[in-house]
file entry_25.cif (mmCIF, C-alpha atoms and all ligand atoms)
data_start
#
loop_
_atom_site.label_atom_id
_atom_site.label_comp_id
_atom_site.auth_asym_id
_atom_site.auth_seq_id
_atom_site.Cartn_x
_atom_site.Cartn_y
_atom_site.Cartn_z
CA MET A 1 -2.87 -12.07 9.03
CA ARG A 2 -5.79 -9.96 10.18
CA TYR A 3 -9.12 -11.33 11.41
CA LEU A 4 -11.97 -11.64 8.94
CA THR A 5 -15.30 -10.82 10.56
CA VAL A 6 -18.57 -12.49 9.60
CA ALA A 7 -21.90 -10.92 10.66
CA LEU A 8 -24.66 -13.48 11.06
CA ALA A 9 -28.37 -12.60 11.28
CA LYS A 10 -29.40 -13.98 14.69
CA GLY A 11 -31.74 -16.95 14.57
CA ARG A 12 -32.31 -19.71 12.04
CA LEU A 13 -30.11 -18.23 9.32
CA ALA A 14 -27.17 -18.02 11.74
CA GLU A 15 -27.65 -21.66 12.76
CA LEU A 16 -27.67 -22.87 9.14
CA ALA A 17 -24.76 -20.64 8.14
CA MET A 18 -22.73 -21.87 11.13
CA ASP A 19 -23.17 -25.46 9.94
CA ILE A 20 -21.65 -24.46 6.58
CA PHE A 21 -18.75 -22.61 8.25
CA ILE A 22 -18.09 -25.71 10.39
CA SER A 23 -18.20 -27.96 7.31
CA ILE A 24 -15.51 -25.83 5.64
CA GLY A 25 -13.23 -26.16 8.64
CA MET A 26 -14.04 -23.08 10.74
CA ASP A 27 -14.38 -23.46 14.48
CA CYS A 28 -17.80 -22.10 15.47
CA SER A 29 -18.30 -24.64 18.26
CA GLU A 30 -18.48 -21.90 20.90
CA MET A 31 -21.51 -20.41 19.09
CA LYS A 32 -23.39 -23.69 19.35
CA GLU A 33 -23.36 -23.38 23.14
CA LYS A 34 -26.26 -21.55 24.74
CA THR A 35 -24.68 -18.25 25.70
CA ARG A 36 -25.47 -14.53 25.53
CA LYS A 37 -22.13 -13.74 23.93
CA LEU A 38 -22.32 -11.85 20.65
CA ILE A 39 -18.77 -12.28 19.37
CA PHE A 40 -16.85 -15.51 18.83
CA THR A 41 -13.29 -16.05 17.69
CA ASP A 42 -11.71 -18.84 15.69
CA GLU A 43 -8.01 -18.26 16.45
CA LYS A 44 -6.74 -20.93 14.12
CA ASN A 45 -8.44 -19.52 11.02
CA LYS A 46 -8.24 -15.88 12.19
CA MET A 47 -12.01 -15.47 11.95
CA LYS A 48 -14.49 -13.61 14.12
CA PHE A 49 -18.24 -14.28 14.05
CA ILE A 50 -20.69 -11.71 15.34
CA LEU A 51 -24.42 -12.18 15.96
CA VAL A 52 -26.47 -9.15 14.96
CA LYS A 53 -30.12 -8.31 14.35
CA ALA A 54 -30.98 -9.26 10.76
CA SER A 55 -31.74 -5.69 9.66
CA ASP A 56 -28.31 -4.56 10.92
CA VAL A 57 -26.24 -7.09 8.94
CA PRO A 58 -26.01 -4.93 5.77
CA THR A 59 -24.99 -1.93 7.91
CA TYR A 60 -22.09 -3.80 9.55
CA VAL A 61 -20.97 -5.03 6.13
CA GLU A 62 -21.26 -1.68 4.32
CA TYR A 63 -19.21 0.11 6.99
CA GLY A 64 -16.61 -2.69 7.04
CA ALA A 65 -17.17 -3.65 10.70
CA ALA A 66 -17.87 -7.05 9.13
CA ASP A 67 -16.17 -8.28 5.94
CA ILE A 68 -18.86 -10.85 5.20
CA GLY A 69 -22.55 -11.08 6.12
CA ILE A 70 -25.22 -13.75 6.00
CA VAL A 71 -28.69 -12.27 5.68
CA GLY A 72 -32.06 -12.62 3.95
CA LYS A 73 -32.66 -11.08 0.52
CA ASP A 74 -35.61 -9.12 1.97
CA THR A 75 -33.24 -7.31 4.35
CA ILE A 76 -30.81 -6.58 1.49
CA LEU A 77 -33.64 -5.11 -0.61
CA GLU A 78 -35.05 -3.11 2.29
CA GLU A 79 -31.75 -1.70 3.54
CA GLY A 80 -30.34 -0.87 0.08
CA ARG A 81 -26.74 -0.83 1.34
CA ASN A 82 -23.61 -0.59 -0.80
CA LEU A 83 -22.16 -4.12 -0.81
CA TYR A 84 -21.57 -7.15 -3.02
CA GLU A 85 -24.18 -9.91 -2.99
CA MET A 86 -22.09 -12.99 -3.80
CA VAL A 87 -23.98 -16.23 -3.11
CA ASP A 88 -27.60 -17.34 -2.99
CA LEU A 89 -27.41 -19.85 -0.14
CA GLY A 90 -30.64 -21.55 -1.14
CA PHE A 91 -31.97 -21.84 2.40
CA GLY A 92 -34.47 -19.62 4.20
CA LYS A 93 -36.54 -19.77 1.03
CA CYS A 94 -39.81 -17.84 1.11
CA ARG A 95 -41.74 -15.22 -0.88
CA MET A 96 -42.58 -11.57 -0.32
CA CYS A 97 -46.27 -11.18 -1.12
CA VAL A 98 -49.21 -8.82 -0.92
CA CYS A 99 -51.74 -10.69 1.21
CA GLY A 100 -55.21 -9.96 2.48
CA PRO A 101 -58.80 -11.15 2.53
CA VAL A 102 -59.54 -13.36 -0.48
CA ASP A 103 -62.39 -11.08 -1.67
CA LEU A 104 -59.72 -8.46 -2.58
CA LYS A 105 -58.03 -10.86 -5.04
CA GLY A 106 -57.73 -9.20 -8.46
CA ARG A 107 -59.29 -5.97 -7.11
CA LEU A 108 -56.33 -4.12 -5.56
CA ASP A 109 -56.04 -1.69 -8.51
CA GLU A 110 -59.63 -0.55 -7.92
CA ILE A 111 -58.99 0.65 -4.35
CA PRO A 112 -58.09 4.35 -4.53
CA GLU A 113 -56.29 4.77 -1.21
CA LEU A 114 -55.03 1.31 -0.45
CA GLN A 115 -53.53 0.87 3.01
CA ALA A 116 -50.84 -1.78 3.42
CA ALA A 117 -49.12 -2.83 6.63
CA ALA A 118 -45.54 -4.05 6.16
CA THR A 119 -42.38 -4.86 8.09
CA SER A 120 -40.41 -3.89 4.96
CA PRO A 121 -42.02 -0.61 3.88
CA GLY A 122 -39.35 0.07 1.24
CA ILE A 123 -40.13 -3.15 -0.62
CA ALA A 124 -43.87 -2.42 -0.37
CA ARG A 125 -43.43 1.15 -1.65
CA ARG A 126 -41.22 0.09 -4.55
CA TYR A 127 -43.70 -2.59 -5.60
CA PHE A 128 -46.84 -0.45 -5.48
CA GLN A 129 -45.47 2.94 -6.51
CA ASP A 130 -42.59 2.13 -8.88
CA GLU A 131 -43.72 -1.17 -10.42
CA LYS A 132 -47.50 -0.74 -10.39
CA GLY A 133 -47.80 3.05 -10.31
CA GLN A 134 -50.36 2.84 -7.53
CA THR A 135 -50.54 5.37 -4.70
CA ILE A 136 -50.50 3.62 -1.38
CA ASP A 137 -50.47 4.38 2.32
CA ILE A 138 -47.88 2.18 4.03
CA ILE A 139 -48.04 1.47 7.74
CA LYS A 140 -44.80 0.14 9.21
CA LEU A 141 -45.16 -2.72 11.69
CA ASN A 142 -42.53 -4.83 13.44
CA GLY A 143 -44.20 -8.25 13.47
CA SER A 144 -47.50 -10.18 13.55
CA VAL A 145 -48.42 -8.19 10.42
CA GLU A 146 -51.29 -10.60 9.62
CA LEU A 147 -53.25 -8.93 12.43
CA ALA A 148 -53.50 -5.60 10.60
CA PRO A 149 -56.34 -6.43 8.16
CA LEU A 150 -58.14 -8.45 10.83
CA VAL A 151 -58.53 -5.45 13.14
CA GLY A 152 -58.99 -2.78 10.46
CA LEU A 153 -55.52 -1.24 10.63
CA SER A 154 -54.95 -1.83 6.90
CA ASP A 155 -56.62 -3.32 3.80
CA VAL A 156 -53.72 -5.61 2.95
CA ILE A 157 -50.27 -6.60 4.18
CA VAL A 158 -46.92 -6.96 2.46
CA ASP A 159 -45.17 -9.79 4.24
CA ILE A 160 -43.07 -12.93 4.03
CA VAL A 161 -44.91 -16.15 3.24
CA GLU A 162 -43.06 -19.37 3.87
CA THR A 163 -45.47 -22.29 4.37
CA GLY A 164 -48.63 -20.14 4.17
CA LYS A 165 -49.74 -21.48 7.57
CA THR A 166 -49.94 -18.07 9.27
CA LEU A 167 -52.09 -16.69 6.45
CA LYS A 168 -54.40 -19.70 6.43
CA GLU A 169 -54.89 -19.73 10.18
CA ASN A 170 -55.84 -16.06 10.07
CA GLY A 171 -58.22 -16.34 7.12
CA LEU A 172 -55.95 -14.49 4.67
CA ASP A 173 -54.60 -15.34 1.22
CA VAL A 174 -51.79 -14.38 -1.15
CA LEU A 175 -53.21 -11.68 -3.43
CA GLU A 176 -50.10 -10.80 -5.47
CA PRO A 177 -46.62 -12.38 -5.20
CA ILE A 178 -43.80 -9.77 -5.28
CA CYS A 179 -40.55 -11.76 -5.31
CA GLY A 180 -38.75 -14.87 -4.09
CA LEU A 181 -36.38 -14.60 -1.12
CA SER A 182 -33.59 -16.68 0.44
CA ALA A 183 -30.43 -16.25 2.50
CA ARG A 184 -27.49 -14.52 0.80
CA LEU A 185 -23.79 -14.13 1.47
CA VAL A 186 -22.72 -10.49 1.13
CA VAL A 187 -19.26 -8.92 1.14
CA ASN A 188 -17.86 -5.48 1.96
CA LYS A 189 -16.49 -3.80 -1.18
CA VAL A 190 -13.13 -2.73 0.26
CA SER A 191 -12.58 -6.11 1.96
CA MET A 192 -13.11 -7.75 -1.42
CA LYS A 193 -10.13 -5.80 -2.76
CA MET A 194 -7.86 -6.12 0.28
CA GLU A 195 -8.61 -9.72 1.27
CA ARG A 196 -9.71 -11.07 -2.09
CA GLU A 197 -8.08 -14.49 -1.85
CA ARG A 198 -9.37 -15.41 1.62
CA ILE A 199 -12.84 -14.07 0.89
CA MET A 200 -13.09 -15.80 -2.50
CA ASN A 201 -12.04 -19.08 -0.86
CA ILE A 202 -15.00 -18.76 1.50
CA VAL A 203 -17.34 -17.59 -1.30
CA ASN A 204 -16.32 -20.51 -3.54
CA SER A 205 -16.73 -23.04 -0.72
CA PHE A 206 -20.21 -21.69 -0.01
CA ARG A 207 -21.02 -21.77 -3.73
CA SER A 208 -20.04 -25.40 -4.15
CA ILE A 209 -21.82 -26.50 -0.96
CA THR A 210 -25.05 -24.73 -1.92
CA GLU A 211 -24.87 -25.98 -5.52
CA GLU A 212 -24.37 -29.52 -4.21
CA ALA A 213 -27.33 -29.14 -1.84
CA GLN A 214 -29.58 -27.99 -4.67
CA LYS A 215 -28.82 -30.99 -6.91
C1 LIG B 301 -42.86 -14.54 9.45
C2 LIG B 301 -43.74 -13.72 8.51
C3 LIG B 301 -45.07 -14.41 8.62
C4 LIG B 301 -44.68 -15.86 8.86
C5 LIG B 301 -44.83 -16.62 7.58
O1 LIG B 301 -43.08 -14.09 10.73
O2 LIG B 301 -43.78 -12.36 8.88
O3 LIG B 301 -45.80 -13.91 9.70
O4 LIG B 301 -43.31 -15.87 9.26
O5 LIG B 301 -44.53 -17.99 7.75
P1 LIG B 301 -45.54 -19.12 7.27
O6 LIG B 301 -45.99 -18.80 5.88
O7 LIG B 301 -44.71 -20.38 7.31
O8 LIG B 301 -46.69 -19.18 8.23
P2 LIG B 301 -42.14 -14.49 11.95
O9 LIG B 301 -42.42 -15.90 12.37
O10 LIG B 301 -40.74 -14.19 11.62
O11 LIG B 301 -42.67 -13.57 13.14
P3 LIG B 301 -43.23 -12.06 13.15
O12 LIG B 301 -44.67 -12.15 12.77
O13 LIG B 301 -43.04 -11.61 14.55
O14 LIG B 301 -42.43 -11.26 12.16
#

call {"tool": "encode", "arguments": {"input": "entry_25.cif", "output": "structure tokens"}}
result
Amino acid sequence: MRYLTVALAKGRLAELAMDIFISIGMDCSEMKEKTRKLIFTDEKNKMKFILVKASDVPTYVEYGAADIGIVGKDTILEEGRNLYEMVDLGFGKCRMCVCGPVDLKGRLDEIPELQAAATSPGIARRYFQDEKGQTIDIIKLNGSVELAPLVGLSDVIVDIVETGKTLKENGLDVLEPICGLSARLVVNKVSMKMERERIMNIVNSFRSITEEAQK
């Protein structure tokens, strides 16, 4: 039996996903220890777990370096990789929104050369250009996006809103919601053919656990 490899997006999603893997009988105990290791093996179940940067999870899965991935829907939309999205895990829930100063609410269409700062420029471009038909100048940032309108880098931002605390504390508001997001389980297309039974066992376990949690 060959190893099945699972790519986990480092951070909170990995922690929550690990708890589910443990509850279905996988041994991820080594990952719970504070270590700088990036690859962990469960010999008994012939599983490997790798910790990767969130935006790289779809890449590992598309190329088959990982059979399964756990990653946010925003990353899946942004990366546009060729893979199967199998389960909505129901955690890591948040929204992708256009945000900015409240006086721009309802007025975005009137601004001829709107500038938007975003960590996910693909999602921002698709929303403004394809859905709304509005020309927009997108500025890619890597974090602390809320700063951009405060210092005049952009008019608005396209960013993740979870509790809304970051917006509030920086005097910004949701102007237009784009879509809901949460963690997803994704699968490599070839692995799904070659290792269908083992992968579907994991998929079905994740499905029933997440359905139970949402009751
Ligand atoms: C994310 C996001 C917002 C914040 C939203 O940033 O980009 O800034 O969380 O959460 P809230 O609505 O609960 O305040 P993250 O903490 O990942 O850090 P970053 O700004 O470095 O991307």

call {"tool": "residues_near_ligand", "arguments": {"input": "entry_25.cif", "ligand": "ligand LIG 301 (chain B)", "cutoff": "9 Å", "atoms": "only C-alpha atoms and all ligand atoms", "output": "list in words"}}
result
Cys94, Arg95, Ala118, Thr119, Leu141, Asn142, Gly143, Ser144, Val145, Glu146, Val158, Asp159, Ile160, Val161, Glu162, Thr163, Gly164, Lys165, Thr166, Leu167, Lys168 and Glu169 of chain A

call {"tool": "axis_aligned_box", "arguments": {"input": "entry_25.cif", "around": "region 95-99 of chain A", "padding_each_side": "6 Å", "output": "lines of an AutoDock Vina configuration file"}}
result
center_x = -46.7
center_y = -12.0
center_z = 0.0
size_x = 22.0
size_y = 18.4
size_z = 14.3

call {"tool": "atom_distance", "arguments": {"input": "entry_25.cif", "atom1": "CA of Leu147 (chain A)", "atom2": "CA of Pro101 (chain A)"}}
result
11.6 Å

call {"tool": "atom_distance", "arguments": {"input": "entry_25.cif", "atom1": "CA of Ala7 (chain A)", "atom2": "CA of Arg184 (chain A)"}}
result
11.9 Å

call {"tool": "residues_around", "arguments": {"input": "entry_25.cif", "residues": "Ile202 (chain A)", "least_positions_apart": "4", "cutoff": "9 Å", "atoms": "only C-alpha atoms", "output": "NGL selection string"}}
result
:A and (21 or 24 or 197-198 or 206-207)

call {"tool": "atom_distance", "arguments": {"input": "entry_25.cif", "atom1": "CA of Glu195 (chain A)", "atom2": "CA of Leu83 (chain A)"}}
result
14.8 Å

call {"tool": "closest_residue", "arguments": {"input": "entry_25.cif", "among": "A:Glu15, A:Gly180, A:Ser191, A:Asp56", "to": "Glu33 (chain A)", "atoms": "all atoms listed in the file"}}
result
A:Glu15

call {"tool": "closest_residue", "arguments": {"input": "entry_25.cif", "among": "A:Ser208, A:Thr5, A:Thr75, A:Gln214", "to": "Lys46 (chain A)", "atoms": "all atoms listed in the file"}}
result
A:Thr5

call {"tool": "residues_around", "arguments": {"input": "entry_25.cif", "residues": "Asn82 (chain A)", "least_positions_apart": "6", "cutoff": "9 Å", "atoms": "only C-alpha atoms", "output": "number ranges by chain"}}
result
A: 58-59, 61-63, 188-189

call {"tool": "residues_near_point", "arguments": {"input": "entry_25.cif", "point": "(-32.8, -0.1, 4.4)", "cutoff": "9 Å", "atoms": "only C-alpha atoms", "output": "list of chain:residue names"}}
result
A:Ser55, A:Pro58, A:Thr59, A:Thr75, A:Ile76, A:Leu77, A:Glu78, A:Glu79, A:Gly80, A:Arg81, A:Ser120, A:Gly122

call {"tool": "write_last_selection", "arguments": {"input": "entry_25.cif", "atoms": "C-alpha atoms", "output": "CSV table (one decimal), in the frame of the given file"}}
result
chain,number,residue,atom,x,y,z
A,55,SER,CA,-31.7,-5.7,9.7
A,58,PRO,CA,-26.0,-4.9,5.8
A,59,THR,CA,-25.0,-1.9,7.9
A,75,THR,CA,-33.2,-7.3,4.4
A,76,ILE,CA,-30.8,-6.6,1.5
A,77,LEU,CA,-33.6,-5.1,-0.6
A,78,GLU,CA,-35.0,-3.1,2.3
A,79,GLU,CA,-31.8,-1.7,3.5
A,80,GLY,CA,-30.3,-0.9,0.1
A,81,ARG,CA,-26.7,-0.8,1.3
A,120,SER,CA,-40.4,-3.9,5.0
A,122,GLY,CA,-39.4,0.1,1.2

call {"tool": "residues_near_point", "arguments": {"input": "entry_25.cif", "point": "(-42.1, -12.8, -7.5)", "cutoff": "10 Å", "atoms": "only C-alpha atoms", "output": "ChimeraX atom specification"}}
result
/A:95-97,176-181

call {"tool": "write_last_selection", "arguments": {"input": "entry_25.cif", "atoms": "C-alpha atoms", "output": "PDB file, in the frame of the given file"}}
result
ATOM      1  CA  ARG A  95     -41.740 -15.220  -0.880  1.00  0.00           C
ATOM      2  CA  MET A  96     -42.580 -11.570  -0.320  1.00  0.00           C
ATOM      3  CA  CYS A  97     -46.270 -11.180  -1.120  1.00  0.00           C
ATOM      4  CA  GLU A 176     -50.100 -10.800  -5.470  1.00  0.00           C
ATOM      5  CA  PRO A 177     -46.620 -12.380  -5.200  1.00  0.00           C
ATOM      6  CA  ILE A 178     -43.800  -9.770  -5.280  1.00  0.00           C
ATOM      7  CA  CYS A 179     -40.550 -11.760  -5.310  1.00  0.00           C
ATOM      8  CA  GLY A 180     -38.750 -14.870  -4.090  1.00  0.00           C
ATOM      9  CA  LEU A 181     -36.380 -14.600  -1.120  1.00  0.00           C
TER      10      LEU A 181
END

call {"tool": "closest_residue", "arguments": {"input": "entry_25.cif", "among": "A:Asp27, A:Asp74, A:Glu85, A:Asp19", "to": "Met192 (chain A)", "atoms": "all atoms listed in the file"}}
result
A:Glu85

call {"tool": "closest_residue", "arguments": {"input": "entry_25.cif", "among": "A:Gly92, A:Gly25, A:Gly152, A:Gly100", "to": "Asn170 (chain A)", "atoms": "all atoms listed in the file"}}
result
A:Gly100

call {"tool": "build_atoms", "arguments": {"input": "entry_25.cif", "residues": "region 68-82 of chain A", "atoms": "N, CA, C and O atoms", "output": "PDB file, in the frame of the given file"}}
result
ATOM      1  N   ILE A  68     -17.889  -9.961   5.845  1.00  0.00           N
ATOM      2  CA  ILE A  68     -18.860 -10.850   5.200  1.00  0.00           C
ATOM      3  C   ILE A  68     -20.136 -10.818   6.035  1.00  0.00           C
ATOM      4  O   ILE A  68     -20.083 -10.658   7.260  1.00  0.00           O
ATOM      5  N   GLY A  69     -21.282 -10.994   5.378  1.00  0.00           N
ATOM      6  CA  GLY A  69     -22.550 -11.080   6.120  1.00  0.00           C
ATOM      7  C   GLY A  69     -23.408 -12.187   5.560  1.00  0.00           C
ATOM      8  O   GLY A  69     -23.297 -12.538   4.381  1.00  0.00           O
ATOM      9  N   ILE A  70     -24.237 -12.756   6.441  1.00  0.00           N
ATOM     10  CA  ILE A  70     -25.220 -13.750   6.000  1.00  0.00           C
ATOM     11  C   ILE A  70     -26.579 -13.196   6.402  1.00  0.00           C
ATOM     12  O   ILE A  70     -26.852 -12.974   7.585  1.00  0.00           O
ATOM     13  N   VAL A  71     -27.430 -12.961   5.388  1.00  0.00           N
ATOM     14  CA  VAL A  71     -28.690 -12.270   5.680  1.00  0.00           C
ATOM     15  C   VAL A  71     -29.718 -12.572   4.595  1.00  0.00           C
ATOM     16  O   VAL A  71     -29.362 -12.965   3.473  1.00  0.00           O
ATOM     17  N   GLY A  72     -30.985 -12.363   4.913  1.00  0.00           N
ATOM     18  CA  GLY A  72     -32.060 -12.620   3.950  1.00  0.00           C
ATOM     19  C   GLY A  72     -32.105 -11.559   2.849  1.00  0.00           C
ATOM     20  O   GLY A  72     -31.765 -10.397   3.066  1.00  0.00           O
ATOM     21  N   LYS A  73     -32.549 -11.997   1.662  1.00  0.00           N
ATOM     22  CA  LYS A  73     -32.660 -11.080   0.520  1.00  0.00           C
ATOM     23  C   LYS A  73     -33.625  -9.927   0.824  1.00  0.00           C
ATOM     24  O   LYS A  73     -33.438  -8.800   0.361  1.00  0.00           O
ATOM     25  N   ASP A  74     -34.656 -10.185   1.623  1.00  0.00           N
ATOM     26  CA  ASP A  74     -35.610  -9.120   1.970  1.00  0.00           C
ATOM     27  C   ASP A  74     -34.904  -7.983   2.696  1.00  0.00           C
ATOM     28  O   ASP A  74     -35.139  -6.799   2.395  1.00  0.00           O
ATOM     29  N   THR A  75     -33.984  -8.336   3.603  1.00  0.00           N
ATOM     30  CA  THR A  75     -33.240  -7.310   4.350  1.00  0.00           C
ATOM     31  C   THR A  75     -32.318  -6.536   3.407  1.00  0.00           C
ATOM     32  O   THR A  75     -32.178  -5.312   3.528  1.00  0.00           O
ATOM     33  N   ILE A  76     -31.702  -7.247   2.452  1.00  0.00           N
ATOM     34  CA  ILE A  76     -30.810  -6.580   1.490  1.00  0.00           C
ATOM     35  C   ILE A  76     -31.622  -5.571   0.669  1.00  0.00           C
ATOM     36  O   ILE A  76     -31.211  -4.424   0.486  1.00  0.00           O
ATOM     37  N   LEU A  77     -32.792  -5.999   0.202  1.00  0.00           N
ATOM     38  CA  LEU A  77     -33.640  -5.110  -0.610  1.00  0.00           C
ATOM     39  C   LEU A  77     -34.112  -3.915   0.218  1.00  0.00           C
ATOM     40  O   LEU A  77     -34.116  -2.779  -0.250  1.00  0.00           O
ATOM     41  N   GLU A  78     -34.494  -4.177   1.448  1.00  0.00           N
ATOM     42  CA  GLU A  78     -35.050  -3.110   2.290  1.00  0.00           C
ATOM     43  C   GLU A  78     -33.975  -2.098   2.686  1.00  0.00           C
ATOM     44  O   GLU A  78     -34.210  -0.902   2.661  1.00  0.00           O
ATOM     45  N   GLU A  79     -32.793  -2.594   3.032  1.00  0.00           N
ATOM     46  CA  GLU A  79     -31.750  -1.700   3.540  1.00  0.00           C
ATOM     47  C   GLU A  79     -31.026  -0.947   2.423  1.00  0.00           C
ATOM     48  O   GLU A  79     -30.505   0.157   2.642  1.00  0.00           O
ATOM     49  N   GLY A  80     -30.960  -1.530   1.229  1.00  0.00           N
ATOM     50  CA  GLY A  80     -30.340  -0.870   0.080  1.00  0.00           C
ATOM     51  C   GLY A  80     -28.912  -0.402   0.330  1.00  0.00           C
ATOM     52  O   GLY A  80     -28.531   0.692  -0.078  1.00  0.00           O
ATOM     53  N   ARG A  81     -28.115  -1.215   1.016  1.00  0.00           N
ATOM     54  CA  ARG A  81     -26.740  -0.830   1.340  1.00  0.00           C
ATOM     55  C   ARG A  81     -25.786  -1.107   0.182  1.00  0.00           C
ATOM     56  O   ARG A  81     -26.074  -1.903  -0.697  1.00  0.00           O
ATOM     57  N   ASN A  82     -24.614  -0.454   0.240  1.00  0.00           N
ATOM     58  CA  ASN A  82     -23.610  -0.590  -0.800  1.00  0.00           C
ATOM     59  C   ASN A  82     -22.700  -1.770  -0.471  1.00  0.00           C
ATOM     60  O   ASN A  82     -21.810  -1.648   0.374  1.00  0.00           O
TER      61      ASN A  82
END
